[in-house]
Amino acid sequence: MSSGKLVLFSGPSGVGKDTLLEVLTKKRPELQRSISLTTRQRRNGEKDGVDYFFVTPAHFQELLAAGDVLEFAQYGKNLYGTPKKPVDEWLHEGKTVILKIEVQGAEKIKHLYPQALSVFILPPSMEVLERRLRDRGTEDEEDLARRMRIAREEIRKSENYDYRIVNDSLERAADEFLTILDTTAIQ
């Protein structure tokens with residue numbers, strides 16, 4: 001890496017990662033949020049190129065074959081990945097780049113960039129997480145059960161992260177993240 005800072009930002013589905021990132025980038029507009037590729041269907045209100053780059057499985061495979069994906073992971077039935085070129089450019093420009101990334105992908109990035117700061121976002125409880133997933137109304141019972149199983153495994157793996165933040169209040173969680181960012185030397 002060059003003069004920029006790389007931050008790995010993970011947490012189970014439904015924990016509020018996107019909402020927390022919105023608060024963070026409003027408080028610190030200079031933070032550069034990486035936009036992931038995904039093969040999952042777009043949810044109501046999501047915009048291509050803003051929330052994710054929504055691609056077909058075939059296009060995702062083409063990008064992989066061309067070496068244009070820094071890392072990728074399968075989460076449930078869908079693929080998620082980080083486009084390589086923009087991340088490298090932002091780091092070279094000295095920006096702090098936040099990768100919202102699945103646990104599998106974070107493990108891969110940590111091997112490539114061991115100096116990256118890793119932060120895991122936790123739900124206040126598993127009951128709250130399940131309620132948040134249900135309230136989204138985007139998963140059937142089978143998908144919900146799968147996401148809850150995956151969440152339990154991810155939370156077990158969160159002990160491998162540098163920091164863990166409970167998202168019980170967006171403002172408090174955002175402030176805690178920014179304090180960590182301001183007080184941790186990352187290269």
# chains A, B, ... in the order shown; residues from 1 in each chain; ligands from 1

call {"tool": "select_by_dssp", "arguments": {"residues": "segment 48-82 of chain A", "states": "helix (DSSP H, G or I)", "output": "number ranges by chain"}}
result
A: 57-65

call {"tool": "residues_around", "arguments": {"residues": "Asp143 of chain A", "least_positions_apart": "4", "cutoff": "10 Å", "atoms": "only C-alpha atoms", "output": "PyMOL selection string"}}
result
chain A and resi 76-77+133+138-139+147-149

call {"tool": "write_last_selection", "arguments": {"atoms": "N, CA and C atoms", "output": "short mmCIF file (atom, residue, chain, number, x, y, z; two decimals), in the first residue's frame"}}
result
data_model
loop_
_atom_site.label_atom_id
_atom_site.label_comp_id
_atom_site.auth_asym_id
_atom_site.auth_seq_id
_atom_site.Cartn_x
_atom_site.Cartn_y
_atom_site.Cartn_z
N GLY A 76 -24.46 -16.57 1.20
CA GLY A 76 -25.73 -17.15 0.83
C GLY A 76 -25.64 -17.63 -0.61
N LYS A 77 -26.55 -17.20 -1.43
CA LYS A 77 -26.58 -17.62 -2.84
C LYS A 77 -25.82 -16.65 -3.75
N LEU A 133 -33.79 -7.98 10.32
CA LEU A 133 -33.90 -8.72 9.06
C LEU A 133 -35.36 -8.90 8.65
N THR A 138 -37.27 -8.51 3.00
CA THR A 138 -36.66 -8.92 1.73
C THR A 138 -36.29 -10.40 1.69
N GLU A 139 -36.43 -11.11 2.81
CA GLU A 139 -36.05 -12.52 2.87
C GLU A 139 -37.25 -13.38 3.23
N ARG A 147 -29.45 -16.62 6.84
CA ARG A 147 -28.72 -15.41 7.26
C ARG A 147 -28.42 -15.43 8.75
N MET A 148 -29.33 -15.96 9.55
CA MET A 148 -29.09 -16.05 10.99
C MET A 148 -27.97 -17.07 11.30
N ARG A 149 -27.95 -18.19 10.59
CA ARG A 149 -26.85 -19.17 10.76
C ARG A 149 -25.51 -18.54 10.39
#

call {"tool": "select_by_dssp", "arguments": {"residues": "chain A", "states": "strand (DSSP E)", "output": "VMD selection string"}}
result
chain A and resid 5 to 10 32 to 33 37 to 38 53 to 54 69 to 75 78 to 83 96 to 100 117 to 122 163 to 166

call {"tool": "closest_atom_pairs", "arguments": {"of": "segment 138-179 of chain A", "to": "segment 95-111 of chain A", "cutoff": "12 Å", "atoms": "only C-alpha atoms", "output": "CSV"}}
result
residue,atom,partner,partner_atom,distance
A:Ile150,CA,A:Val103,CA,10.1
A:Ala151,CA,A:Val103,CA,10.0
A:Arg152,CA,A:Val103,CA,11.8
A:Glu153,CA,A:Val103,CA,9.5
A:Glu154,CA,A:Val103,CA,6.4
A:Ile155,CA,A:Val103,CA,9.3
A:Arg156,CA,A:Val103,CA,10.6
A:Lys157,CA,A:Val103,CA,7.7
A:Ser158,CA,A:Val103,CA,8.2
A:Glu159,CA,A:Val103,CA,11.3
A:Asn160,CA,A:Glu107,CA,8.9
A:Tyr161,CA,A:Ala106,CA,9.2
A:Asp162,CA,A:Lys110,CA,10.8
A:Phe177,CA,A:Ile98,CA,11.5
A:Leu178,CA,A:Thr96,CA,11.8

call {"tool": "atom_distance", "arguments": {"atom1": "atom CA of Gln32 of chain A", "atom2": "atom CA of Pro12 of chain A"}}
result
21.5 Å

call {"tool": "atom_distance", "arguments": {"atom1": "atom CA of Leu129 of chain A", "atom2": "atom CA of Gly16 of chain A"}}
result
9.2 Å

call {"tool": "closest_residue", "arguments": {"among": "A:Ile35, A:Gly137, A:Ala174, A:Leu122", "to": "Lys85 of chain A", "atoms": "only C-alpha atoms"}}
result
A:Ile35

call {"tool": "closest_residue", "arguments": {"among": "A:Glu46, A:Glu176, A:Asp182, A:Asp88", "to": "Ile121 of chain A", "atoms": "only C-alpha atoms"}}
result
A:Glu176

call {"tool": "residues_around", "arguments": {"residues": "Arg132 of chain A", "least_positions_apart": "3", "cutoff": "9 Å", "atoms": "only C-alpha atoms", "output": "PyMOL selection string"}}
result
chain A and resi 14-16+127-129+135-136

call {"tool": "write_last_selection", "arguments": {"atoms": "all heavy atoms", "output": "compact mmCIF listing (two decimals), in the first residue's frame"}}
result
# COMPACT_ATOMS: atom_id res chain seq x y z
N GLY A 14 -28.00 -7.28 8.10
CA GLY A 14 -29.03 -6.71 8.95
C GLY A 14 -28.52 -5.93 10.14
O GLY A 14 -29.32 -5.36 10.88
N VAL A 15 -27.21 -5.87 10.34
CA VAL A 15 -26.65 -5.19 11.51
C VAL A 15 -26.66 -3.66 11.34
O VAL A 15 -26.50 -2.94 12.31
CB VAL A 15 -25.24 -5.71 11.84
CG1 VAL A 15 -24.18 -5.10 10.93
CG2 VAL A 15 -24.89 -5.48 13.29
N GLY A 16 -26.85 -3.18 10.11
CA GLY A 16 -26.91 -1.74 9.88
C GLY A 16 -25.64 -1.14 9.30
O GLY A 16 -25.37 0.04 9.49
N GLU A 127 -31.65 -11.40 18.86
CA GLU A 127 -33.07 -11.11 18.70
C GLU A 127 -33.27 -9.81 17.93
O GLU A 127 -34.14 -9.73 17.05
CB GLU A 127 -33.76 -11.02 20.08
CG GLU A 127 -33.81 -12.33 20.83
CD GLU A 127 -32.49 -12.73 21.51
OE1 GLU A 127 -31.64 -11.85 21.73
OE2 GLU A 127 -32.31 -13.93 21.78
N VAL A 128 -32.48 -8.80 18.25
CA VAL A 128 -32.57 -7.52 17.53
C VAL A 128 -32.18 -7.72 16.07
O VAL A 128 -32.83 -7.20 15.16
CB VAL A 128 -31.69 -6.45 18.20
CG1 VAL A 128 -31.55 -5.21 17.32
CG2 VAL A 128 -32.26 -6.07 19.57
N LEU A 129 -31.13 -8.50 15.83
CA LEU A 129 -30.70 -8.76 14.46
C LEU A 129 -31.82 -9.44 13.66
O LEU A 129 -32.13 -9.04 12.54
CB LEU A 129 -29.43 -9.62 14.45
CG LEU A 129 -28.87 -9.91 13.06
CD1 LEU A 129 -28.39 -8.63 12.39
CD2 LEU A 129 -27.72 -10.91 13.17
N ASP A 135 -37.89 -7.01 9.55
CA ASP A 135 -38.46 -5.71 9.22
C ASP A 135 -38.10 -5.25 7.82
O ASP A 135 -38.83 -4.46 7.22
CB ASP A 135 -38.03 -4.64 10.24
CG ASP A 135 -38.68 -4.83 11.61
OD1 ASP A 135 -39.62 -5.65 11.72
OD2 ASP A 135 -38.23 -4.18 12.57
N ARG A 136 -36.97 -5.72 7.28
CA ARG A 136 -36.60 -5.38 5.91
C ARG A 136 -37.60 -5.95 4.91
O ARG A 136 -37.83 -5.36 3.86
CB ARG A 136 -35.22 -5.95 5.55
CG ARG A 136 -34.09 -5.13 6.01
CD ARG A 136 -32.77 -5.41 5.38
NE ARG A 136 -32.38 -6.78 5.10
CZ ARG A 136 -31.12 -7.17 5.03
NH1 ARG A 136 -30.14 -6.32 5.26
NH2 ARG A 136 -30.82 -8.41 4.75

call {"tool": "atom_distance", "arguments": {"atom1": "atom CA of Phe9 of chain A", "atom2": "atom CA of Leu117 of chain A"}}
result
8.6 Å
